[in-house]
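Scroll down for the structure; my scribbles are underneath it.
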Amino acid sequence: MGVAVTTFEVTPAARWRDFDWQLTLYVVLLLGFGVILGVSAAWNDGPSPPGVIPQPVKTVIWSGIGFAVLAVAASVDYHWLRTFAVPIYLSTLGLLVLNLLAGNEVFGAQLSVTIGGLDFQFSEIAKVLMVIVLAAFLAGRGQGIGRLSTIIGAGLLTVLPTALVLRQPDLGTALVFVAILGGMLFISGASIGWMALLGGVTVALTPIALGALADYQLSRLTCFLDPAADPQGACYQLVQALNAVGSGGWLGQGLTAGHANQLGFLPVQTTDFIFTIVAEELGLLGGFILLALFGLLLWRITIIGWRARDGLGRLVAMGLATMLLFQVVVNIGMVIGLLPVTGIPLPLITYGGSSTVSILFGMGILQSVRMHTRTETF
Amino acid sequence: MGTQFEHPDLPRSGIRFIAFGVIGLLLFTVLAGRLFQLQVIEGRARAEQAEAARTADVAVPSQRGLVFDREGRPLVINVPTWTVAVRPADLPAARQNAVLGRVAELVSMPVTQLSARLNAFVGSPFDLVPLVTDINRSAALVLAEESASLPGIELQVVPRRQYLNERGEADGTLLSHIVGYTGPINALELEQLGDAGYLHDDQIGRTGIEAAFESELRGAYGSARWERDASGRLVKVVEETRDPTAGRNLVLTIDARLQRMATESLLWGMQEANVSEGVTIVMNPQSGEILAMVSLPAYDNNAFAGGISDELYQAYLTDPNLPLRNHAISDIYPPGSTFKLVTGLAALQEGVTTPARRWQTYACYQIPGAPAGDCLYDWNRRGFGQLNMVEAFAISSDTFFYQMAVNLGVDRLAKWAYELGFGAPTEIDLPNEASGIIASSEWAHTQGRTGVYTGELAQAGIGQNVIAVTPLQLLNAYAALANGGHLMRPQIVLGEADADGNLVDRYEPEVLHEVAADPANLSLMRIGAREVITTGHAYNISDLRLPGALSGKTGTAEFGLPDAEGALPFHSWFVAWLPSTPGATDSPLAVITFTHRATVIGNVSTEVVKYFLQQYFNLEQDLRLDPVTLRQLSGGN
């Protein structure tokens, strides 16, 4: 806008009056939804062995830690992020390298690092950190935002972490990075023409990327195209998931009563396929309620982004919105057979401390953006 | 903030925000639409598919029917055995050696054999793979106790058939050829019978009654729908879809005590005459009920019930006396002089001779149309002068019956052989019954010949060369003579019983057909058979104090290849029945013995039947001839 305005310092107490309770409410409801599903998923697994904390309890604990992180992030002026953009970027890369070198193997991929008995999935926090890095970069482009160099620069920043997570291999997170890049470039005002051109080139290069995929990744892609191809083998999970979703009907079979869930037909039910429990046990109604909660959350984030005081705040907000929208659409889309199966968690619902804390950290920054919207002009 | 002035801020594009929102809304709409499609439109079909994936119909085995003898003695029962099985999915690879090692130790088997069985299994890792069957009770108890430390190992209680003798002892040799045994179903049978509810690890009747009455004994398996989890493990029964129907209990026509007597007498005779194969069949000629049927050597069907060892099975297969075959119905032999019943009856019926007409007999019968001197000897090599039918049958003159056969021609002889049940299975309810060979023009054509030589025809008249019958066919023909001309279907199962062996449903005797012969001619042949006994042709058997007029016919023949001293082995037949008076048709008993490859000249089969009758009627007499006497007797036919 370039209009010089007179700004006055706003007291911290006044800023906390702008803390967005609506946003917080949606986050809490989604987390609660996830806890309930976790309880249902574990219903028939018998009592936990001594010394092992049940997953839903862990989720509550991680949420508590997450809200503490949220409060700290909210209380810091988000403009500091731009100042620290370079160290943030470097530490993002460092975490991903660490993940690659010291990661525990889960289903053939180094997805987490164990430190002090706790598993950390650094790729989760890396997604939020990349939103910050790209926001800082793009906001700094100023009037040069429409140039090709904007897209190339942002692209180069994204390529490194994307390559690192692909090495794990974690196709899902890599796709999230690309989605964040696209969404943020779009909102930032980058040239639509250049984006379309480069996006087209990327799509054209996809067959090469497919060649680099492992067999199991490829078979997941083919199952998506034709689930009947190998219903007992590679496509087993997808076919079971589709049938479980279908058996939910209008109102579902009731919590803890979903056959596919309770009989273990969904091998990674509490992680990537948790939406099948929603669909099977709570039916179309439950699915719509969950979609509505995500819709409200995204709506709220978009409002914050629109009202943000400057480009940095706007981009941070819309980067997080893109990240959440992409994960929700891809995760649910794969469970219901609209998209190929890739390992992308359902935000705030899928069990995972790293994911929960990372998203709550992002929500904290969002609160900071919200709280610094008012410039108190007189 | 000062920086805002140094770096002009980005422009805010309302259109791009709106576009972002619209894209998001569109994506959510697609998700919602797809959910509606899956859950509401396809919901029912998908619920059914999910139901099918998580349930399994599992067969509930029925109890296989028991078998009793006609006196209610149990002959086949079911006993529980323990089988050690492994479910590969539950056995961690790292612990496989340790777990199998412990099992091997408990059952005293090399661990390599167990792992070989596990590795040879192709199928779902959730299937149970049997490792060791029939382990002993103490090993089973230890295994059950240690089950917690033996992941994947399961102990199954498997019912097994146990075959009993007349005293109720486990003894698989007395009745193995009748009762048969069960064995694991093979892939081909499973394919054919899968619809009938057979399971991949099922047992099926392999031979004998177990095979012939498979469907009756098996009953019908029930079915239960189980809920299973994703790994295929059965969790709980959802519903009993069909109750199993227990197999029917059968009562045999066999009297196990008579079976024992027949076995003992045959064993004695075989030992005396150094015979390697023998058959005795005892029948009620009025009904066709088989009271005893012995084929020696026998095998142990209990060895099969428990899964026979390769060594024993190979021994059975390579034994030249074929212990696995029921010689009474599955093997064919030349009937020798016993066939003179057919030739004689045919000659009377076809008008070749009359009861009174006498025929010259010869030392050697010149074959008509053959070069001079090409003749066939009578058995005494002297001839018997002039004989009528009864005399010729009683003395068993060969040259008399050569003439009958030559005058009949091969097809009229064959016609009467068929009429008496030869050349076709007797239709007894046992598997693997042979039809035999009856010379005829048609038969010659099937052999690629234009006809039967006159010399062959003459020999056919005395049951040699181009005639071969099963012992059961021969007994059945004589039973038809004994009962007045009813060719019965030999009956081996008397009916169905309750669990205690009491007959509840009797199978009615069946007549295959009435022998289309003049009753007077049949009566004449019965008189001839009585004369066989009374004229002493069957040695001293006429001295037995029996409650009736024993009638019968002997047969002996040289056959096969000469031994080192140039002597041919002998086989011998004796078939007899016991009417109340000579020629009567009321005999309750008919018995046949056949011995194969004897090294004595005398008719050892006669001795066997004699010994059997002595035991059957509990006589104090013992008229058995010793082997020295037997060796010195003439080779009367």
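Ligands are numbered from 1 in the order shown, chains are lettered A, B, ... in the order of the structure tokens, and residues start at 1 in each chain.
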Exercise for review: Hey, list the chain B side of the contact with chain A: 10 Å cut-off, only C-alpha atoms, answer as a ChimeraX atom specification.
Suggested key: /B:1-2,4-21,23-25,27-32,34-51,53-54,227-233,235
Practice item. Identify, on the basis of only C-alpha atoms, every residue whose closest approach to Phe594 of chain B does not exceed 8 Å; exclude the query and any residue fewer than 5 positions from it along the same chain; express the result as an MDAnalysis selection string. Key: chainID B and resid 278:280 471 571:574 605
Point to revise | All residues 9 Å or closer to segment 314-324 of chain B, only C-alpha atoms, same chain fewer than 4 positions away omitted, as a list of chain:residue names | key: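 Here the qualifying residues turn out to be B:Ser176, B:His177, B:Ser276, B:Glu277, B:Ser295, B:Leu296, B:Pro297, B:Ala298, B:Tyr299, B:Ser309, B:Asp310.
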**Study point:** Sel. of strand (DSSP E) residues, segment 588-637 of chain B, as a PyMOL selection string
**Key:** chain B and resi 590-598
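Between Leu366 of chain A and the residues A:Val159, A:Leu118, A:Ala74, A:Leu95, the shortest atom-to-atom distance, using only C-alpha atoms, involves A:Ala74.
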Review point. Between B:Val604, B:Ala584, B:Leu193, B:Val99, which is the closest to Gly555 of chain B once you count only C-alpha atoms?
Key: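 Closest residue, counting only C-alpha atoms: B:Val604.
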Review point. From the set B:Val469, B:Asn603, B:Ile185, B:Asn618, which residue has the shortest atom-to-atom contact distance to Pro547 of chain B, counting only C-alpha atoms?
Key: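 Checking each candidate against Pro547 of chain B, we get B:Asn618 as the closest.
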**Study point:** Sel. of helix (DSSP H, G or I) residues, segment 68-187 of chain A, as an MDAnalysis selection string
**Key:** chainID A and resid 68:75 80:83 85:102 122:139 142:146 148:167 171:187
Practice item. Could you please determine the separation between atom CA of Met130 of chain A and atom CA of Gly319 of chain A in Å, to one decimal place? Key: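 Going from atom CA of Met130 of chain A over to atom CA of Gly319 of chain A covers 8.9 Å.
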**Study point:** Distance query segment 151-163 of chain B at most 8 Å, only C-alpha atoms, self and fewer than 5 positions along chain excluded, as a ChimeraX atom specification
**Key:** /B:75-92,99,140,143-144,170-172,181-182,301-302,305-306
Exercise for review: Fewer than 5 positions away in the same chain doesn't count, so skip those; otherwise give me all residues within 7 Å of segment 340-353 of chain A, counting only C-alpha atoms, as a list in words.
Suggested key: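 Within the cut-off, the hits are Leu30, Leu31, Phe33, Gly34, Thr59, Trp62, Leu171, Gly172, Thr173, Arg220, Leu221, Phe224, Thr270, Thr271, Asp272, Ile274, Leu324, Gln327, Val328, Asn331 and Met334 of chain A.
Counting from atom CA of Leu100 of chain A, the distance to atom CA of Leu156 of chain A is 20.2 Å.
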For Ala211 of chain B, list every protein, DNA or RNA residue within 10 Å, evaluated using only C-alpha atoms, and leave out those in the same chain fewer than 4 positions away; present the list as a PDB file with C-alpha atoms, in the first residue's frame.
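Saved as out14.pdb:
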```
ATOM      1  CA  VAL B 179     -13.740-102.224   6.006  1.00  0.00           C
ATOM      2  CA  GLY B 180     -10.904-100.467   4.153  1.00  0.00           C
ATOM      3  CA  TYR B 181      -9.558 -97.244   5.600  1.00  0.00           C
ATOM      4  CA  THR B 182      -9.685 -93.486   5.329  1.00  0.00           C
ATOM      5  CA  GLY B 183      -6.870 -91.228   4.220  1.00  0.00           C
ATOM      6  CA  ILE B 204     -11.972 -89.529   2.855  1.00  0.00           C
ATOM      7  CA  GLY B 205     -12.715 -93.236   2.547  1.00  0.00           C
ATOM      8  CA  ARG B 206      -9.936 -94.758   0.481  1.00  0.00           C
ATOM      9  CA  THR B 207     -11.127 -98.322  -0.002  1.00  0.00           C
ATOM     10  CA  SER B 215     -21.372 -90.355   1.971  1.00  0.00           C
ATOM     11  CA  GLU B 216     -23.376 -92.383   4.497  1.00  0.00           C
ATOM     12  CA  LEU B 217     -20.487 -92.613   6.970  1.00  0.00           C
ATOM     13  CA  ASP B 429     -20.878-102.682  -2.341  1.00  0.00           C
ATOM     14  CA  LEU B 430     -17.104-102.768  -2.285  1.00  0.00           C
ATOM     15  CA  PRO B 431     -14.758-100.914  -4.614  1.00  0.00           C
TER      16      PRO B 431
END
```
Residues near Arg64 of chain B, anyone? I mean within 8 Å using only C-alpha atoms, not counting same-chain ones fewer than 6 positions away, as a compact mmCIF listing (two decimals) with C-alpha atoms, in the first residue's frame.
```txt
# COMPACT_ATOMS: atom_id res chain seq x y z
CA ASN B 78 -13.50 -92.99 16.39
CA LEU B 217 -20.49 -92.61 6.97
CA ARG B 218 -19.45 -89.01 6.58
CA GLY B 219 -22.85 -87.45 7.18
CA ALA B 246 -23.61 -87.20 12.08
CA GLY B 247 -22.67 -89.98 9.70
CA ARG B 248 -24.78 -93.12 9.72
```
Give me, as a tab-separated table, the closest atom pair and its distance (Å, one decimal) for every residue of segment 58-138 of chain A within a cut-off of 8 Å of segment 176-182 of chain A, counting only C-alpha atoms, rows sorted by chain and rising number.
```
residue	atom	partner	partner_atom	distance
A:Lys127	CA	A:Phe177	CA	6.5
A:Met130	CA	A:Phe177	CA	7.6
A:Val131	CA	A:Ile180	CA	6.9
A:Leu134	CA	A:Leu181	CA	7.4
```
